[in-house]
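Enquirer: I'd like to ask some things about the structure below.
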Amino acid sequence: DFCNNMFMVMAMSGFQWSLFGKTPGDCLAFFAPAWKLDTRGKFQGAMVYTFLLAILAEGSHALQVVLRPYIPKRIEHVTNVIFLGMQRFMAYILMLVVMMYSWEMLLSVICGVMVGRLLFPNVTRLEWRRDARHLQTMTS
């Protein structure tokens with residue numbers, strides 16, 4: 001058996017190794033009762049999804065910075081609010097994954113964020129340059 005007990009969205013005994021534990025851990029559901037992680041394949045699929053979501057969460061900010069110069073000023077505030085909503089939604093979903101108390105899921109989030117930062121490293125520099133140009137035009 002891959003897991004034991006009834007399905008729950010977080011392990012009741014604290015962090016557990018779901019794939020690498022010596023004994024089967026608590027059975028976890030991935031966000032919804034219907035998404036039961038009752039096999040190794042399902043659990044590994046959830047890890048891949050979590051990893052990709054963490055990359056996307058990092059990349060969404062980069063996308064916002066890259067698109068900002070092309071967004072018309074009249075809808076800039078609306079698009080900023082939409083991006084903020086998307087970014088917060090993904091962050092809360094990733095927080096819920098960590099709250100499953102599975103070491104593998106926690107590592108999927110951390111590794112995904114790290115890979116996302118490697119793929120989109122210059123976002124802060126792009127923002128800084130844009131803000132510096134904006135300040136220069138305001139002061140001249």
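Going by the structure tokens order, chains are called A, B, ..., each with residues numbered from 1, while ligands are numbered from 1 in the order shown.
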Could you pull the residues within 10 Å of Asn80 (chain A), counting only C-alpha atoms, minus those fewer than 6 positions along the same chain, as an NGL selection string?

Expert: :A and (64 or 68 or 71 or 86)

Enquirer: How would the residues just chosen look if you wrote them out with N, CA, C and O atoms as an mmCIF file, in the first residue's frame?

Expert:
data_model
loop_
_atom_site.group_PDB
_atom_site.id
_atom_site.type_symbol
_atom_site.label_atom_id
_atom_site.label_comp_id
_atom_site.auth_asym_id
_atom_site.auth_seq_id
_atom_site.Cartn_x
_atom_site.Cartn_y
_atom_site.Cartn_z
ATOM 1 N N GLN A 64 4.896 40.314 -16.240
ATOM 2 C CA GLN A 64 4.320 41.628 -15.962
ATOM 3 C C GLN A 64 5.329 42.736 -16.252
ATOM 4 O O GLN A 64 4.992 43.747 -16.867
ATOM 5 N N ARG A 68 4.830 45.469 -19.302
ATOM 6 C CA ARG A 68 4.444 46.792 -18.802
ATOM 7 C C ARG A 68 4.626 47.920 -19.822
ATOM 8 O O ARG A 68 3.737 48.754 -19.967
ATOM 9 N N ILE A 71 1.631 48.099 -22.365
ATOM 10 C CA ILE A 71 0.250 48.214 -21.876
ATOM 11 C C ILE A 71 -0.163 49.683 -21.928
ATOM 12 O O ILE A 71 0.544 50.544 -21.387
ATOM 13 N N MET A 86 -3.479 37.192 -9.927
ATOM 14 C CA MET A 86 -2.906 35.909 -10.379
ATOM 15 C C MET A 86 -1.738 35.494 -9.494
ATOM 16 O O MET A 86 -1.627 34.322 -9.096
#

Enquirer: Please report, as a PyMOL selection string, each residue of region 10-133 of chain A to which DSSP assigns alpha helix (DSSP H) when run on this structure's backbone.

Expert: chain A and resi 40-67+76-98+103-119+123-133

Enquirer: Under the rule that only C-alpha atoms are counted, which of A:Glu76, A:Gly85, A:Leu96, A:Pro24 is the nearest residue to Val109 (chain A)?

Expert: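 For Val109 (chain A), the nearest of the given residues is A:Leu96.
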
Enquirer: Would you compute the distance between CA of Gly59 (chain A) and CA of Leu119 (chain A)? Give it in Å to one decimal.

Expert: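 Going from CA of Gly59 (chain A) over to CA of Leu119 (chain A), I get 7.9 Å.
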
Enquirer: Using DSSP on the backbone, list every residue of chain A that comes out as strand (DSSP E), and give them as an NGL selection string.

Expert: :A and (3-8 or 25-29 or 36-37)

Enquirer: List the neighbours of region 26-30 of chain A out to 6 Å using only C-alpha atoms; skip same-chain residues closer than 5 positions along the sequence, and give me the result as a list in words.

Expert: Cys3, Asn4, Phe7, Met8, Val9, Ala11, Trp35, Lys36 and Leu37 of chain A

Enquirer: Output all heavy atoms for every residue in the selection just made, as a PDB file, in the first residue's frame.

Expert:
ATOM      1  N   CYS A   3      -0.311   4.348   0.923  1.00  0.00           N
ATOM      2  CA  CYS A   3      -0.634   5.171   2.086  1.00  0.00           C
ATOM      3  C   CYS A   3      -1.661   4.436   2.949  1.00  0.00           C
ATOM      4  O   CYS A   3      -2.221   3.427   2.550  1.00  0.00           O
ATOM      5  CB  CYS A   3      -1.165   6.537   1.652  1.00  0.00           C
ATOM      6  SG  CYS A   3      -2.655   6.468   0.630  1.00  0.00           S
ATOM      7  N   ASN A   4      -1.884   4.982   4.146  1.00  0.00           N
ATOM      8  CA  ASN A   4      -2.870   4.356   5.034  1.00  0.00           C
ATOM      9  C   ASN A   4      -3.819   5.414   5.593  1.00  0.00           C
ATOM     10  O   ASN A   4      -3.589   6.604   5.454  1.00  0.00           O
ATOM     11  CB  ASN A   4      -2.175   3.603   6.174  1.00  0.00           C
ATOM     12  CG  ASN A   4      -1.252   4.503   6.968  1.00  0.00           C
ATOM     13  OD1 ASN A   4      -1.463   5.694   7.080  1.00  0.00           O
ATOM     14  ND2 ASN A   4      -0.202   3.923   7.531  1.00  0.00           N
ATOM     15  N   PHE A   7      -8.389   9.658   3.584  1.00  0.00           N
ATOM     16  CA  PHE A   7      -7.760  10.741   2.839  1.00  0.00           C
ATOM     17  C   PHE A   7      -7.978  12.075   3.541  1.00  0.00           C
ATOM     18  O   PHE A   7      -9.051  12.350   4.055  1.00  0.00           O
ATOM     19  CB  PHE A   7      -8.317  10.806   1.413  1.00  0.00           C
ATOM     20  CG  PHE A   7      -7.801   9.708   0.553  1.00  0.00           C
ATOM     21  CD1 PHE A   7      -8.496   8.528   0.422  1.00  0.00           C
ATOM     22  CD2 PHE A   7      -6.597   9.845  -0.107  1.00  0.00           C
ATOM     23  CE1 PHE A   7      -8.011   7.496  -0.362  1.00  0.00           C
ATOM     24  CE2 PHE A   7      -6.094   8.830  -0.897  1.00  0.00           C
ATOM     25  CZ  PHE A   7      -6.810   7.649  -1.022  1.00  0.00           C
ATOM     26  N   MET A   8      -6.940  12.878   3.555  1.00  0.00           N
ATOM     27  CA  MET A   8      -7.020  14.215   4.142  1.00  0.00           C
ATOM     28  C   MET A   8      -6.138  15.162   3.344  1.00  0.00           C
ATOM     29  O   MET A   8      -5.305  14.715   2.556  1.00  0.00           O
ATOM     30  CB  MET A   8      -6.609  14.176   5.608  1.00  0.00           C
ATOM     31  CG  MET A   8      -5.251  13.551   5.848  1.00  0.00           C
ATOM     32  SD  MET A   8      -4.937  13.170   7.566  1.00  0.00           S
ATOM     33  CE  MET A   8      -5.823  11.639   7.760  1.00  0.00           C
ATOM     34  N   VAL A   9      -6.335  16.451   3.527  1.00  0.00           N
ATOM     35  CA  VAL A   9      -5.555  17.413   2.749  1.00  0.00           C
ATOM     36  C   VAL A   9      -4.239  17.763   3.420  1.00  0.00           C
ATOM     37  O   VAL A   9      -3.397  18.414   2.809  1.00  0.00           O
ATOM     38  CB  VAL A   9      -6.357  18.711   2.468  1.00  0.00           C
ATOM     39  CG1 VAL A   9      -7.499  18.433   1.525  1.00  0.00           C
ATOM     40  CG2 VAL A   9      -6.826  19.346   3.741  1.00  0.00           C
ATOM     41  N   ALA A  11      -1.176  16.064   6.362  1.00  0.00           N
ATOM     42  CA  ALA A  11      -0.773  14.983   7.254  1.00  0.00           C
ATOM     43  C   ALA A  11      -0.963  15.429   8.699  1.00  0.00           C
ATOM     44  O   ALA A  11      -0.514  16.502   9.088  1.00  0.00           O
ATOM     45  CB  ALA A  11       0.684  14.606   6.996  1.00  0.00           C
ATOM     46  N   TRP A  35      -9.293  14.299  -5.768  1.00  0.00           N
ATOM     47  CA  TRP A  35      -7.911  14.151  -6.258  1.00  0.00           C
ATOM     48  C   TRP A  35      -7.073  13.421  -5.213  1.00  0.00           C
ATOM     49  O   TRP A  35      -6.222  14.001  -4.558  1.00  0.00           O
ATOM     50  CB  TRP A  35      -7.313  15.506  -6.576  1.00  0.00           C
ATOM     51  CG  TRP A  35      -8.014  16.229  -7.682  1.00  0.00           C
ATOM     52  CD1 TRP A  35      -8.939  15.732  -8.533  1.00  0.00           C
ATOM     53  CD2 TRP A  35      -7.846  17.587  -8.042  1.00  0.00           C
ATOM     54  NE1 TRP A  35      -9.363  16.684  -9.405  1.00  0.00           N
ATOM     55  CE2 TRP A  35      -8.700  17.851  -9.126  1.00  0.00           C
ATOM     56  CE3 TRP A  35      -7.064  18.625  -7.552  1.00  0.00           C
ATOM     57  CZ2 TRP A  35      -8.786  19.086  -9.733  1.00  0.00           C
ATOM     58  CZ3 TRP A  35      -7.153  19.862  -8.162  1.00  0.00           C
ATOM     59  CH2 TRP A  35      -7.998  20.080  -9.231  1.00  0.00           C
ATOM     60  N   LYS A  36      -7.320  12.149  -5.082  1.00  0.00           N
ATOM     61  CA  LYS A  36      -6.636  11.333  -4.077  1.00  0.00           C
ATOM     62  C   LYS A  36      -5.277  10.888  -4.601  1.00  0.00           C
ATOM     63  O   LYS A  36      -5.173  10.317  -5.686  1.00  0.00           O
ATOM     64  CB  LYS A  36      -7.486  10.123  -3.730  1.00  0.00           C
ATOM     65  CG  LYS A  36      -8.807  10.501  -3.106  1.00  0.00           C
ATOM     66  CD  LYS A  36      -9.698   9.308  -2.900  1.00  0.00           C
ATOM     67  CE  LYS A  36     -11.002   9.764  -2.274  1.00  0.00           C
ATOM     68  NZ  LYS A  36     -11.972   8.703  -2.207  1.00  0.00           N
ATOM     69  N   LEU A  37      -4.258  11.141  -3.815  1.00  0.00           N
ATOM     70  CA  LEU A  37      -2.902  10.721  -4.171  1.00  0.00           C
ATOM     71  C   LEU A  37      -2.652   9.347  -3.556  1.00  0.00           C
ATOM     72  O   LEU A  37      -1.889   9.192  -2.615  1.00  0.00           O
ATOM     73  CB  LEU A  37      -1.888  11.755  -3.672  1.00  0.00           C
ATOM     74  CG  LEU A  37      -2.110  13.186  -4.158  1.00  0.00           C
ATOM     75  CD1 LEU A  37      -1.054  14.115  -3.589  1.00  0.00           C
ATOM     76  CD2 LEU A  37      -2.137  13.253  -5.669  1.00  0.00           C
TER      77      LEU A  37
END
